[in-house]
file coords_26.cif (mmCIF, C-alpha atoms)
data_final
loop_
_atom_site.label_atom_id
_atom_site.label_comp_id
_atom_site.auth_asym_id
_atom_site.auth_seq_id
_atom_site.Cartn_x
_atom_site.Cartn_y
_atom_site.Cartn_z
CA GLN A 1 -1.79 1.69 -20.27
CA VAL A 2 -2.09 0.90 -16.58
CA GLN A 3 -1.35 3.73 -14.20
CA LEU A 4 -1.06 3.70 -10.42
CA VAL A 5 -1.34 7.07 -8.72
CA GLU A 6 -0.19 7.20 -5.12
CA SER A 7 -0.70 9.99 -2.64
CA GLY A 8 -0.58 10.73 1.05
CA GLY A 9 3.04 10.37 2.08
CA GLY A 10 4.90 12.96 4.08
CA LEU A 11 6.60 13.85 7.33
CA VAL A 12 4.96 13.11 10.65
CA GLN A 13 6.04 12.89 14.27
CA ALA A 14 6.19 9.58 16.04
CA GLY A 15 2.75 8.60 17.26
CA GLY A 16 1.05 10.43 14.43
CA SER A 17 -0.99 9.20 11.50
CA LEU A 18 -0.91 9.24 7.73
CA ARG A 19 -3.24 7.87 5.08
CA LEU A 20 -1.93 6.61 1.78
CA SER A 21 -4.07 6.07 -1.28
CA CYS A 22 -3.44 4.28 -4.56
CA ALA A 23 -5.71 4.53 -7.57
CA ALA A 24 -5.36 2.10 -10.48
CA SER A 25 -6.60 2.93 -13.95
CA GLY A 26 -6.15 1.94 -17.56
CA SER A 27 -7.06 -1.73 -17.51
CA THR A 28 -10.23 -3.49 -18.52
CA PHE A 29 -9.48 -6.36 -16.14
CA ARG A 30 -10.58 -6.55 -12.54
CA VAL A 31 -8.10 -5.75 -9.81
CA TYR A 32 -7.52 -8.85 -7.70
CA ILE A 33 -5.00 -7.79 -5.05
CA MET A 34 -4.01 -4.33 -3.93
CA GLY A 35 -1.21 -3.87 -1.49
CA TRP A 36 1.54 -1.76 -0.05
CA TYR A 37 5.19 -2.60 0.23
CA ARG A 38 7.94 -0.47 1.72
CA GLN A 39 11.67 -0.14 1.39
CA ALA A 40 13.88 1.57 3.91
CA PRO A 41 17.44 2.65 3.05
CA GLY A 42 19.75 -0.34 2.95
CA LYS A 43 16.93 -2.83 3.37
CA GLN A 44 14.95 -5.09 1.10
CA ARG A 45 11.46 -4.23 0.00
CA GLU A 46 8.93 -5.82 2.32
CA LEU A 47 5.21 -6.42 2.32
CA VAL A 48 3.23 -4.10 4.59
CA ALA A 49 -0.37 -5.05 3.84
CA GLN A 50 -2.53 -6.64 1.14
CA ILE A 51 -6.23 -6.75 0.46
CA ARG A 52 -7.99 -9.02 -1.98
CA ARG A 53 -11.12 -8.33 -3.92
CA ASP A 54 -13.16 -10.23 -1.33
CA SER A 55 -11.72 -7.84 1.30
CA SER A 56 -9.59 -10.48 2.99
CA THR A 57 -6.36 -8.96 4.28
CA ASN A 58 -2.93 -9.80 5.54
CA TYR A 59 -0.42 -7.62 7.34
CA ALA A 60 3.21 -7.65 8.29
CA ASP A 61 3.57 -8.48 11.98
CA SER A 62 5.30 -5.16 12.57
CA VAL A 63 2.22 -3.15 11.57
CA LYS A 64 -0.63 -5.30 12.91
CA GLY A 65 -2.92 -3.28 15.11
CA ARG A 66 -1.55 0.03 13.81
CA PHE A 67 -2.18 -0.04 10.06
CA THR A 68 -5.45 -0.74 8.27
CA ILE A 69 -5.80 -1.43 4.56
CA SER A 70 -9.10 -0.96 2.74
CA ARG A 71 -10.29 -0.64 -0.83
CA ASP A 72 -13.01 0.76 -3.02
CA ASN A 73 -13.56 -1.77 -5.78
CA ALA A 74 -15.73 0.58 -7.82
CA ARG A 75 -12.86 3.06 -8.03
CA ASN A 76 -9.99 0.54 -8.03
CA THR A 77 -8.53 2.46 -5.13
CA ALA A 78 -6.79 1.20 -2.02
CA PHE A 79 -6.12 3.04 1.21
CA LEU A 80 -3.59 2.46 3.95
CA GLN A 81 -4.41 4.13 7.24
CA MET A 82 -1.27 4.28 9.34
CA ASN A 83 -1.64 5.11 13.02
CA SER A 84 0.80 5.18 15.91
CA LEU A 85 3.65 5.64 13.49
CA LYS A 86 7.16 4.82 14.61
CA ALA A 87 10.56 5.94 13.38
CA GLU A 88 11.10 2.43 11.99
CA ASP A 89 8.12 2.92 9.67
CA THR A 90 10.19 5.44 7.72
CA ALA A 91 10.53 4.17 4.16
CA VAL A 92 9.39 4.62 0.60
CA TYR A 93 5.98 3.01 0.31
CA TYR A 94 5.03 1.38 -2.98
CA CYS A 95 1.57 0.48 -4.15
CA ASN A 96 1.27 -2.94 -5.76
CA VAL A 97 -1.65 -4.11 -7.88
CA VAL A 98 -2.32 -7.56 -9.29
CA PHE A 99 -5.03 -7.95 -11.89
CA GLY A 100 -7.21 -11.00 -12.28
CA ILE A 101 -5.21 -12.20 -15.28
CA GLY A 102 -2.04 -12.20 -13.20
CA THR A 103 -0.33 -9.05 -14.40
CA GLU A 104 1.34 -6.99 -11.70
CA TYR A 105 2.12 -3.31 -11.47
CA TRP A 106 3.99 -1.01 -9.10
CA GLY A 107 3.46 2.61 -8.19
CA GLN A 108 6.24 5.16 -8.25
CA GLY A 109 6.57 5.20 -4.48
CA THR A 110 5.79 7.78 -1.85
CA GLN A 111 8.08 8.78 1.00
CA VAL A 112 6.93 8.37 4.58
CA THR A 113 9.21 9.90 7.20
CA VAL A 114 8.51 9.55 10.90
CA SER A 115 10.54 11.77 13.19
CA SER A 116 11.28 10.58 16.69
#
call {"tool": "encode", "arguments": {"input": "coords_26.cif", "output": "structure tokens"}}
result
Amino acid sequence: QVQLVESGGGLVQAGGSLRLSCAASGSTFRVYIMGWYRQAPGKQRELVAQIRRDSSTNYADSVKGRFTISRDNARNTAFLQMNSLKAEDTAVYYCNVVFGIGTEYWGQGTQVTVSS
């Protein structure tokens, strides 16, 4: 059974930093895409950042230059380094994993709160 374990959320002041991690386990298939989405109260879930197995990335315009996604393929783990955090970054952040066969999984979500 596939499991995604997220960690690293919390409360931080505006301008501060947090690092999220997401570890995928339980599948014999290779992880193709790892990413982070977020959902703020009253808003739709939106893509924050994605990284493919070849390390190519894409980011939401709102986080470009502030957030960096990376991954460790050997450990099926992705990291999201979030710098210069703003109040509008406050949301529940969800890890998303797509395996090479096309199956997709979501983490349980971790709260990120940025105080202004």
call {"tool": "resolve_selection", "arguments": {"input": "coords_26.cif", "expression": "the PyMOL selection byres ((chain A and resi 48) around 8)", "output": "number ranges by chain"}}
result
A: 35-38, 46-47, 49-50, 59-60, 63
call {"tool": "closest_residue", "arguments": {"input": "coords_26.cif", "among": "A:Leu11, A:Ala24, A:Leu4, A:Val112", "to": "A:Ala91", "atoms": "all atoms listed in the file"}}
result
A:Val112
call {"tool": "residues_around", "arguments": {"input": "coords_26.cif", "residues": "A:Gln108", "least_positions_apart": "2", "cutoff": "7 Å", "atoms": "all atoms listed in the file", "output": "VMD selection string"}}
result
chain A and resid 94 106 110
call {"tool": "atom_distance", "arguments": {"input": "coords_26.cif", "atom1": "atom CA of A:Gln3", "atom2": "atom CA of A:Pro41"}}
result
25.5 Å
call {"tool": "resolve_selection", "arguments": {"input": "coords_26.cif", "expression": "the PyMOL selection byres ((chain A and resi 57) around 10)", "output": "tab-separated table (two decimals) with C-alpha atoms, keeping the file's coordinate frame"}}
result
chain	number	residue	atom	x	y	z
A	33	ILE	CA	-5.00	-7.79	-5.05
A	34	MET	CA	-4.01	-4.33	-3.93
A	35	GLY	CA	-1.21	-3.87	-1.49
A	49	ALA	CA	-0.37	-5.05	3.84
A	50	GLN	CA	-2.53	-6.64	1.14
A	51	ILE	CA	-6.23	-6.75	0.46
A	52	ARG	CA	-7.99	-9.02	-1.98
A	53	ARG	CA	-11.12	-8.33	-3.92
A	54	ASP	CA	-13.16	-10.23	-1.33
A	55	SER	CA	-11.72	-7.84	1.30
A	56	SER	CA	-9.59	-10.48	2.99
A	58	ASN	CA	-2.93	-9.80	5.54
A	59	TYR	CA	-0.42	-7.62	7.34
A	68	THR	CA	-5.45	-0.74	8.27
A	69	ILE	CA	-5.80	-1.43	4.56
A	70	SER	CA	-9.10	-0.96	2.74
call {"tool": "atom_distance", "arguments": {"input": "coords_26.cif", "atom1": "atom CA of A:Gly10", "atom2": "atom CA of A:Val114"}}
result
8.4 Å
call {"tool": "atom_distance", "arguments": {"input": "coords_26.cif", "atom1": "atom CA of A:Phe79", "atom2": "atom CA of A:Gly42"}}
result
26.1 Å
call {"tool": "resolve_selection", "arguments": {"input": "coords_26.cif", "expression": "the PyMOL selection byres ((chain A and resi 87-89) around 10)", "output": "list of chain:residue names"}}
result
A:Val12, A:Gln13, A:Ala14, A:Gly15, A:Arg38, A:Gln39, A:Ala40, A:Val48, A:Ser62, A:Val63, A:Met82, A:Ser84, A:Leu85, A:Lys86, A:Thr90, A:Ala91, A:Val92, A:Tyr93, A:Val112, A:Thr113, A:Val114, A:Ser115, A:Ser116
call {"tool": "closest_residue", "arguments": {"input": "coords_26.cif", "among": "A:Gln44, A:Asn96, A:Thr103, A:Thr77", "to": "A:Ser21", "atoms": "only C-alpha atoms"}}
result
A:Thr77
call {"tool": "closest_residue", "arguments": {"input": "coords_26.cif", "among": "A:Val5, A:Cys95, A:Ala23, A:Ile101", "to": "A:Asn76", "atoms": "only C-alpha atoms"}}
result
A:Ala23
call {"tool": "closest_residue", "arguments": {"input": "coords_26.cif", "among": "A:Arg66, A:Val31, A:Arg75, A:Val2", "to": "A:Arg19", "atoms": "only C-alpha atoms"}}
result
A:Arg66
call {"tool": "closest_residue", "arguments": {"input": "coords_26.cif", "among": "A:Glu104, A:Ala78, A:Phe99, A:Leu18", "to": "A:Glu6", "atoms": "all atoms listed in the file"}}
result
A:Ala78
